[in-house]
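Shown next: upload02.tsv, containing TSV, C-alpha atoms.
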chain	number	residue	atom	x	y	z
N	1	MET	CA	59.69	-5.64	168.78
N	2	SER	CA	59.90	-2.95	166.13
N	3	GLU	CA	57.81	-0.24	167.74
N	4	ALA	CA	56.10	1.02	164.63
N	5	VAL	CA	53.98	-1.63	163.00
N	6	ILE	CA	52.72	-0.24	159.72
N	7	GLU	CA	48.97	-0.79	159.45
N	8	ARG	CA	47.54	-3.34	157.08
N	9	LYS	CA	45.53	-0.80	155.09
N	10	THR	CA	48.73	1.17	154.47
N	11	TYR	CA	50.22	-1.86	152.70
N	12	PHE	CA	47.14	-2.21	150.50
N	13	PHE	CA	47.21	1.51	149.71
N	14	VAL	CA	50.91	1.34	148.79
N	15	TRP	CA	50.22	-1.69	146.60
N	16	ALA	CA	47.39	0.16	144.78
N	17	VAL	CA	49.68	3.16	144.24
N	18	LEU	CA	52.39	0.88	142.80
N	19	LEU	CA	49.93	-0.76	140.37
N	20	ALA	CA	48.64	2.69	139.36
N	21	PHE	CA	52.21	3.81	138.59
N	22	LEU	CA	52.70	0.62	136.57
N	23	GLY	CA	49.67	1.58	134.47
N	24	VAL	CA	50.99	5.13	134.04
N	25	THR	CA	54.46	4.00	132.99
N	26	VAL	CA	53.07	1.58	130.37
N	27	GLY	CA	50.66	4.24	129.09
N	28	VAL	CA	53.30	6.97	128.86
N	29	ALA	CA	55.59	4.60	126.94
N	30	TYR	CA	53.18	4.68	124.00
N	31	ILE	CA	53.05	8.48	123.85
N	32	HIS	CA	55.81	9.87	121.68
N	33	LEU	CA	57.87	12.18	123.89
N	34	GLY	CA	61.31	11.70	122.35
N	35	TRP	CA	64.10	11.96	124.91
N	36	LEU	CA	61.49	12.46	127.64
N	37	ASN	CA	60.33	8.83	127.32
N	38	PRO	CA	63.31	7.35	129.18
N	39	VAL	CA	63.22	10.26	131.65
N	40	ALA	CA	59.54	9.63	132.43
N	41	ALA	CA	60.04	5.84	132.69
N	42	LEU	CA	63.02	6.22	135.02
N	43	SER	CA	61.32	8.88	137.17
N	44	ILE	CA	58.33	6.60	137.71
N	45	ALA	CA	60.66	3.68	138.47
N	46	VAL	CA	62.50	5.80	141.06
N	47	ILE	CA	59.19	6.81	142.69
N	48	LYS	CA	58.10	3.15	142.82
N	49	ALA	CA	61.44	2.07	144.28
N	50	VAL	CA	61.32	4.78	146.97
N	51	VAL	CA	57.74	3.84	147.91
N	52	ILE	CA	58.70	0.15	148.15
N	53	MET	CA	61.74	0.96	150.29
N	54	LEU	CA	59.91	3.36	152.62
N	55	TYR	CA	56.87	1.18	153.29
N	56	PHE	CA	57.37	-2.46	152.24
N	57	MET	CA	60.98	-2.43	153.41
N	58	HIS	CA	60.12	-0.42	156.54
N	59	LEU	CA	62.81	2.15	155.86
N	60	ARG	CA	60.51	4.90	157.08
N	61	HIS	CA	60.70	3.54	160.61
N	62	SER	CA	64.23	2.12	160.45
N	63	ALA	CA	67.21	3.43	162.38
N	64	ARG	CA	68.86	6.48	160.77
N	65	LEU	CA	72.08	4.45	160.62
N	66	VAL	CA	70.33	2.17	158.11
N	67	TRP	CA	69.48	5.25	156.01
N	68	VAL	CA	73.17	6.16	155.92
N	69	PHE	CA	74.09	2.71	154.57
N	70	VAL	CA	71.28	2.68	152.00
N	71	GLY	CA	72.32	6.18	150.94
N	72	ALA	CA	75.92	5.01	150.65
N	73	GLY	CA	74.83	2.24	148.28
N	74	PHE	CA	73.18	4.75	145.96
N	75	VAL	CA	76.01	7.30	146.27
N	76	TRP	CA	78.49	4.68	145.07
N	77	LEU	CA	76.12	3.71	142.27
N	78	GLY	CA	76.02	7.40	141.30
N	79	ILE	CA	79.82	7.64	141.32
N	80	MET	CA	80.06	4.55	139.11
N	81	PHE	CA	77.58	5.98	136.60
N	82	VAL	CA	78.91	9.54	136.54
N	83	LEU	CA	82.57	8.60	136.11
N	84	SER	CA	81.92	5.82	133.56
N	85	LEU	CA	79.47	7.82	131.45
N	86	GLY	CA	81.74	10.85	131.74
N	87	ASP	CA	84.28	8.72	129.90
N	88	TYR	CA	82.14	6.91	127.34
N	89	LEU	CA	79.77	9.74	126.41
N	90	ALA	CA	82.59	12.30	126.14
N	91	ARG	CA	84.82	10.23	123.85
N	92	SER	CA	83.28	11.66	120.70
N	93	TYR	CA	83.99	15.22	121.87
N	94	LEU	CA	87.70	14.81	121.19
N	95	PRO	CA	88.97	14.70	117.62
N	96	LYS	CA	90.19	11.32	116.50
N	97	PRO	CA	93.89	11.28	115.61
N	98	THR	CA	94.22	11.51	111.84
N	99	THR	CA	97.30	9.32	111.62
N	100	TRP	CA	98.23	6.40	113.79
N	101	LEU	CA	101.81	5.68	114.73
N	102	PRO	CA	102.83	2.21	113.59
Z	1	MET	CA	66.87	-15.17	180.24
Z	2	ASP	CA	65.81	-14.64	176.66
Z	3	LEU	CA	67.47	-17.38	174.65
Z	4	THR	CA	66.89	-15.63	171.34
Z	5	VAL	CA	69.27	-12.76	172.24
Z	6	ALA	CA	72.94	-13.53	171.62
Z	7	HIS	CA	75.23	-12.50	174.48
Z	8	GLN	CA	76.94	-9.66	172.61
Z	9	PHE	CA	73.69	-7.68	172.38
Z	10	ASP	CA	72.03	-5.58	175.06
Z	11	ASP	CA	68.53	-6.61	174.07
Z	12	ALA	CA	66.39	-8.10	171.32
Z	13	GLU	CA	65.80	-4.71	169.71
Z	14	GLN	CA	69.50	-4.00	169.35
Z	15	GLN	CA	70.00	-7.47	167.92
Z	16	GLN	CA	67.30	-6.94	165.31
Z	17	GLU	CA	68.70	-3.53	164.37
Z	18	ALA	CA	72.14	-5.08	163.86
Z	19	SER	CA	70.63	-7.81	161.65
Z	20	THR	CA	68.65	-5.28	159.62
Z	21	LEU	CA	71.75	-3.13	159.14
Z	22	GLY	CA	73.73	-6.18	158.01
Z	23	MET	CA	71.05	-7.09	155.50
Z	24	TRP	CA	71.04	-3.57	154.08
Z	25	ILE	CA	74.84	-3.68	153.73
Z	26	PHE	CA	74.42	-6.85	151.68
Z	27	LEU	CA	71.68	-5.16	149.63
Z	28	ALA	CA	74.01	-2.18	149.02
Z	29	THR	CA	76.49	-4.62	147.43
Z	30	GLU	CA	73.60	-5.98	145.37
Z	31	ILE	CA	72.74	-2.45	144.21
Z	32	LEU	CA	76.28	-2.20	142.84
Z	33	PHE	CA	76.18	-5.72	141.38
Z	34	PHE	CA	73.05	-4.98	139.35
Z	35	GLY	CA	74.26	-1.38	138.89
Z	36	GLY	CA	77.23	-2.63	136.88
Z	37	MET	CA	74.89	-4.38	134.46
Z	38	PHE	CA	72.61	-1.34	134.21
Z	39	LEU	CA	75.70	0.77	133.49
Z	40	GLY	CA	76.84	-1.56	130.71
Z	41	TYR	CA	73.34	-1.49	129.24
Z	42	THR	CA	73.28	2.34	129.37
Z	43	ILE	CA	76.66	2.64	127.64
Z	44	TYR	CA	75.82	0.27	124.79
Z	45	ARG	CA	72.34	1.70	124.40
Z	46	ALA	CA	73.94	5.13	123.95
Z	47	MET	CA	76.35	3.64	121.40
Z	48	TYR	CA	73.74	1.82	119.28
Z	49	PRO	CA	70.41	3.56	119.96
Z	50	GLN	CA	68.67	2.46	116.74
Z	51	GLU	CA	69.64	-1.19	117.10
Z	52	PHE	CA	68.67	-1.29	120.77
Z	53	ALA	CA	65.33	0.35	120.04
Z	54	ALA	CA	64.51	-2.10	117.26
Z	55	ALA	CA	65.50	-5.07	119.45
Z	56	SER	CA	63.56	-3.73	122.43
Z	57	ARG	CA	60.37	-3.62	120.39
Z	58	HIS	CA	60.65	-7.41	119.95
Z	59	LEU	CA	59.92	-7.92	123.66
Z	60	ASP	CA	56.33	-8.61	124.68
Z	61	VAL	CA	54.94	-5.67	126.69
Z	62	VAL	CA	51.89	-7.66	127.82
Z	63	PHE	CA	54.01	-10.37	129.42
Z	64	GLY	CA	56.28	-7.74	130.92
Z	65	THR	CA	53.38	-5.75	132.38
Z	66	VAL	CA	51.66	-8.83	133.79
Z	67	ASN	CA	54.92	-9.99	135.32
Z	68	THR	CA	55.50	-6.59	136.92
Z	69	ALA	CA	51.99	-6.70	138.41
Z	70	VAL	CA	52.59	-10.26	139.66
Z	71	LEU	CA	55.82	-9.19	141.33
Z	72	LEU	CA	54.19	-6.12	142.93
Z	73	CYS	CA	51.43	-8.41	144.29
Z	74	SER	CA	54.08	-10.77	145.68
Z	75	SER	CA	55.65	-7.81	147.44
Z	76	LEU	CA	52.27	-7.04	149.01
Z	77	THR	CA	51.84	-10.62	150.24
Z	78	MET	CA	55.42	-10.57	151.57
Z	79	ALA	CA	54.76	-7.32	153.44
Z	80	LEU	CA	51.53	-8.81	154.85
Z	81	GLY	CA	53.54	-11.89	155.87
Z	82	VAL	CA	55.94	-9.75	157.89
Z	83	TYR	CA	52.91	-7.94	159.32
Z	84	SER	CA	51.40	-11.30	160.40
Z	85	ALA	CA	54.72	-12.24	162.01
Z	86	GLN	CA	54.68	-8.97	163.95
Z	87	LEU	CA	51.21	-9.83	165.21
Z	88	GLY	CA	52.28	-13.40	165.99
Z	89	SER	CA	49.77	-15.05	163.66
Z	90	ARG	CA	51.62	-18.17	162.59
Z	91	ARG	CA	48.87	-19.44	160.29
Z	92	MET	CA	48.61	-16.15	158.39
Z	93	LEU	CA	52.39	-15.91	158.13
Z	94	ALA	CA	52.60	-19.37	156.54
Z	95	LEU	CA	49.70	-18.48	154.23
Z	96	PHE	CA	51.27	-15.23	153.03
Z	97	LEU	CA	54.70	-16.82	152.59
Z	98	GLY	CA	53.02	-19.53	150.50
Z	99	LEU	CA	51.18	-16.91	148.41
Z	100	THR	CA	54.44	-15.03	147.89
Z	101	MET	CA	56.11	-18.23	146.67
Z	102	LEU	CA	53.18	-18.95	144.36
Z	103	LEU	CA	53.36	-15.49	142.79
Z	104	GLY	CA	57.15	-15.81	142.50
Z	105	ALA	CA	56.69	-19.12	140.70
Z	106	VAL	CA	54.12	-17.54	138.35
Z	107	PHE	CA	56.63	-14.79	137.54
Z	108	LEU	CA	59.32	-17.35	136.73
Z	109	GLY	CA	56.89	-19.39	134.66
Z	110	ILE	CA	55.96	-16.40	132.50
Z	111	LYS	CA	59.62	-15.39	132.26
Z	112	PHE	CA	60.72	-18.80	131.03
Z	113	TYR	CA	57.85	-18.91	128.54
Z	114	GLU	CA	59.15	-15.58	127.21
Z	115	TYR	CA	62.64	-17.10	126.95
Z	116	TYR	CA	61.18	-20.04	125.05
Z	117	GLN	CA	59.43	-17.69	122.61
Z	118	LYS	CA	62.72	-15.86	122.00
Z	119	TYR	CA	64.38	-19.23	121.38
Z	120	GLU	CA	61.71	-20.19	118.85
Z	121	VAL	CA	62.18	-17.05	116.77
Z	122	GLY	CA	65.97	-17.21	117.06
Z	123	LEU	CA	66.65	-14.20	119.26
Z	124	ILE	CA	69.07	-15.89	121.68
Z	125	PRO	CA	72.64	-14.71	121.05
Z	126	CYS	CA	75.16	-17.51	120.37
Z	127	ALA	CA	72.28	-19.99	119.93
Z	128	GLY	CA	71.18	-19.54	116.36
Z	129	PHE	CA	70.66	-15.77	116.51
Z	130	THR	CA	68.85	-14.62	113.39
Z	131	TRP	CA	68.03	-11.00	112.67
Z	132	ALA	CA	66.56	-9.87	109.37
Z	133	GLY	CA	67.12	-6.15	109.98
Z	134	PRO	CA	70.35	-4.18	109.70
Z	135	ASN	CA	73.36	-4.63	112.03
Z	136	PRO	CA	72.59	-8.04	113.57
Z	137	ASN	CA	75.77	-7.99	115.68
Z	138	GLN	CA	74.91	-4.72	117.42
Z	139	THR	CA	71.31	-5.84	117.80
Z	140	SER	CA	72.35	-9.10	119.43
Z	141	LEU	CA	74.08	-6.99	122.12
Z	142	PHE	CA	70.67	-5.87	123.34
Z	143	PHE	CA	69.63	-9.50	123.74
Z	144	VAL	CA	72.91	-10.31	125.52
Z	145	PHE	CA	72.02	-7.66	128.10
Z	146	TYR	CA	68.38	-8.76	128.16
Z	147	PHE	CA	69.22	-12.38	128.93
Z	148	ILE	CA	72.01	-11.68	131.40
Z	149	MET	CA	70.08	-9.03	133.34
Z	150	THR	CA	66.74	-10.85	133.45
Z	151	GLY	CA	68.60	-14.14	133.99
Z	152	MET	CA	70.46	-12.72	137.02
Z	153	HIS	CA	67.14	-11.36	138.26
Z	154	ALA	CA	65.48	-14.77	137.76
Z	155	LEU	CA	68.37	-16.41	139.65
Z	156	HIS	CA	67.69	-14.02	142.54
Z	157	MET	CA	64.03	-15.02	142.39
Z	158	VAL	CA	64.97	-18.71	142.60
Z	159	ILE	CA	67.18	-17.97	145.61
Z	160	GLY	CA	64.27	-16.00	147.09
Z	161	LEU	CA	61.99	-19.01	146.65
Z	162	GLY	CA	64.59	-21.10	148.50
Z	163	LEU	CA	64.64	-18.57	151.35
Z	164	MET	CA	60.82	-18.58	151.49
Z	165	THR	CA	60.83	-22.38	151.71
Z	166	VAL	CA	63.13	-22.21	154.73
Z	167	LEU	CA	60.94	-19.51	156.30
Z	168	VAL	CA	57.80	-21.64	155.83
Z	169	LEU	CA	59.51	-24.63	157.49
Z	170	LEU	CA	60.70	-22.48	160.40
Z	171	THR	CA	57.21	-20.99	160.74
Z	172	ARG	CA	55.67	-24.45	160.94
Z	173	ARG	CA	58.16	-25.35	163.66
Z	174	GLY	CA	56.98	-22.32	165.60
Z	175	ARG	CA	60.31	-20.49	165.56
Z	176	PHE	CA	58.82	-17.03	165.11
Z	177	THR	CA	57.11	-14.91	167.74
Z	178	PRO	CA	56.16	-11.22	167.84
Z	179	SER	CA	59.42	-10.65	169.74
Z	180	TYR	CA	61.56	-12.65	167.30
Z	181	TYR	CA	60.83	-12.75	163.58
Z	182	THR	CA	64.10	-11.32	162.22
Z	183	PRO	CA	64.54	-13.97	159.47
Z	184	VAL	CA	61.07	-13.11	158.12
Z	185	GLU	CA	61.91	-9.39	158.14
Z	186	LEU	CA	65.24	-9.97	156.37
Z	187	GLY	CA	63.73	-12.41	153.86
Z	188	GLY	CA	61.19	-9.69	153.13
Z	189	LEU	CA	63.91	-7.10	152.56
Z	190	TYR	CA	65.56	-9.45	150.06
Z	191	TRP	CA	62.29	-10.15	148.24
Z	192	HIS	CA	61.39	-6.44	147.97
Z	193	PHE	CA	64.89	-5.65	146.72
Z	194	VAL	CA	64.54	-8.17	143.90
Z	195	ASP	CA	61.18	-6.54	143.14
Z	196	ILE	CA	62.88	-3.11	142.90
Z	197	VAL	CA	65.45	-4.48	140.45
Z	198	TRP	CA	62.57	-5.58	138.20
Z	199	VAL	CA	60.90	-2.17	138.59
Z	200	PHE	CA	63.95	-0.75	136.78
Z	201	LEU	CA	64.50	-3.65	134.36
Z	202	PHE	CA	60.95	-3.54	133.01
Z	203	PRO	CA	60.86	0.06	131.68
Z	204	LEU	CA	64.49	0.03	130.53
Z	205	LEU	CA	64.20	-3.21	128.55
Z	206	TYR	CA	60.56	-3.20	127.44
Z	207	LEU	CA	59.23	0.34	127.42
Z	208	ILE	CA	61.52	3.26	126.66
Z	209	ASP	CA	61.75	2.64	122.90
Z	210	ARG	CA	58.08	1.80	122.31
Z	211	SER	CA	57.04	5.10	120.77
Z	212	SER	CA	60.23	5.95	118.88
Produce structure tokens that represent the structure in this file.
Amino acid sequence: MSEAVIERKTYFFVWAVLLAFLGVTVGVAYIHLGWLNPVAALSIAVIKAVVIMLYFMHLRHSARLVWVFVGAGFVWLGIMFVLSLGDYLARSYLPKPTTWLP
Amino acid sequence: MDLTVAHQFDDAEQQQEASTLGMWIFLATEILFFGGMFLGYTIYRAMYPQEFAAASRHLDVVFGTVNTAVLLCSSLTMALGVYSAQLGSRRMLALFLGLTMLLGAVFLGIKFYEYYQKYEVGLIPCAGFTWAGPNPNQTSLFFVFYFIMTGMHALHMVIGLGLMTVLVLLTRRGRFTPSYYTPVELGGLYWHFVDIVWVFLFPLLYLIDRSS
């Protein structure tokens, strides 16, 4: 029914790539990179997630309407993170009131 | 007349596209459901970085890595299951669904053994939490997030195993053909999504504070 059947060897290749990235992410975690450690870990996680979605979840050959809905899910996730962190991380920027009203 | 096409659809392809779209809409709500927990984790990690780092180093990287590999393998067998359904190979479909369930069960087994280890050393919040280091209250927050996030993920795995059981039964009854295997496709989408959640949980909980 779905016109594009992804070939079997593609699935094995994708699986090997995912396991390779797993090795890389564990290895990088033991190298001291400071603030780059979380950045590296999250970048690899994003790459793995995109690969899984494109191939295992067939997104690559899905209707473009599906892409819009998947994109919407991540856009709303982004809004949630940006607005919430914009609040919490910026709280220390403002001086605390020195006296409290009773 | 094709009995597998409901009357509101033009053809089987349109029906499958509608089902796939519906599944992705559900998965978008799941992104936000897990996203809320990831957000809470991010905020508290930013608030208590030292405590979260110290707590994170008490997780077992070997178990975490093995479990990630197990889950990635289960995603492969799931994808091969859908592939077998597309080719109409009922025997291979049942085999790959069974393998997927087996790997899922292995994941849960390792996960619960990890939970048991945490229980033994008293790292479960509200159940005899003991922490020798500084700031036990802030440190216990990390474990609150750890247990709720991995617990929610494990619950999704259990639900996934239930879905796989249904798919195996339907396969054995011969319900799937190359022109109709939508439940297998959608079950696969769910399984891969749960895999993706773990792909983010693993580095954030186990890895990012290893070298600090």
Residues of chain N near chain Z: apply a cut-off of 6 Å, count all atoms listed in the file, and supply the list as a ChimeraX atom specification. /N:1,29-30,32,37-38,41,45,49,56-57,66,73,77
What's the separation between CA of Val168 (chain Z) and CA of Leu99 (chain Z), in Å to one decimal place? 11.0 Å
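In this model, the gap between CA of Phe143 (chain Z) and CA of Ile47 (chain N) comes to 27.1 Å.
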My list of candidates is Z:Thr150, Z:Asp60, Z:Phe145, Z:Phe96. Which is closest to Gln117 (chain Z) when distances are computed with only C-alpha atoms? Z:Asp60
Which centre and which edge lengths, in Å to one decimal, describe the axis-aligned box that holds all listed atoms of region 73-84 of chain N after 3 Å is added on each side, as AutoDock Vina command-line options?
--center_x 77.9 --center_y 5.9 --center_z 140.9 --size_x 15.4 --size_y 13.3 --size_z 20.7
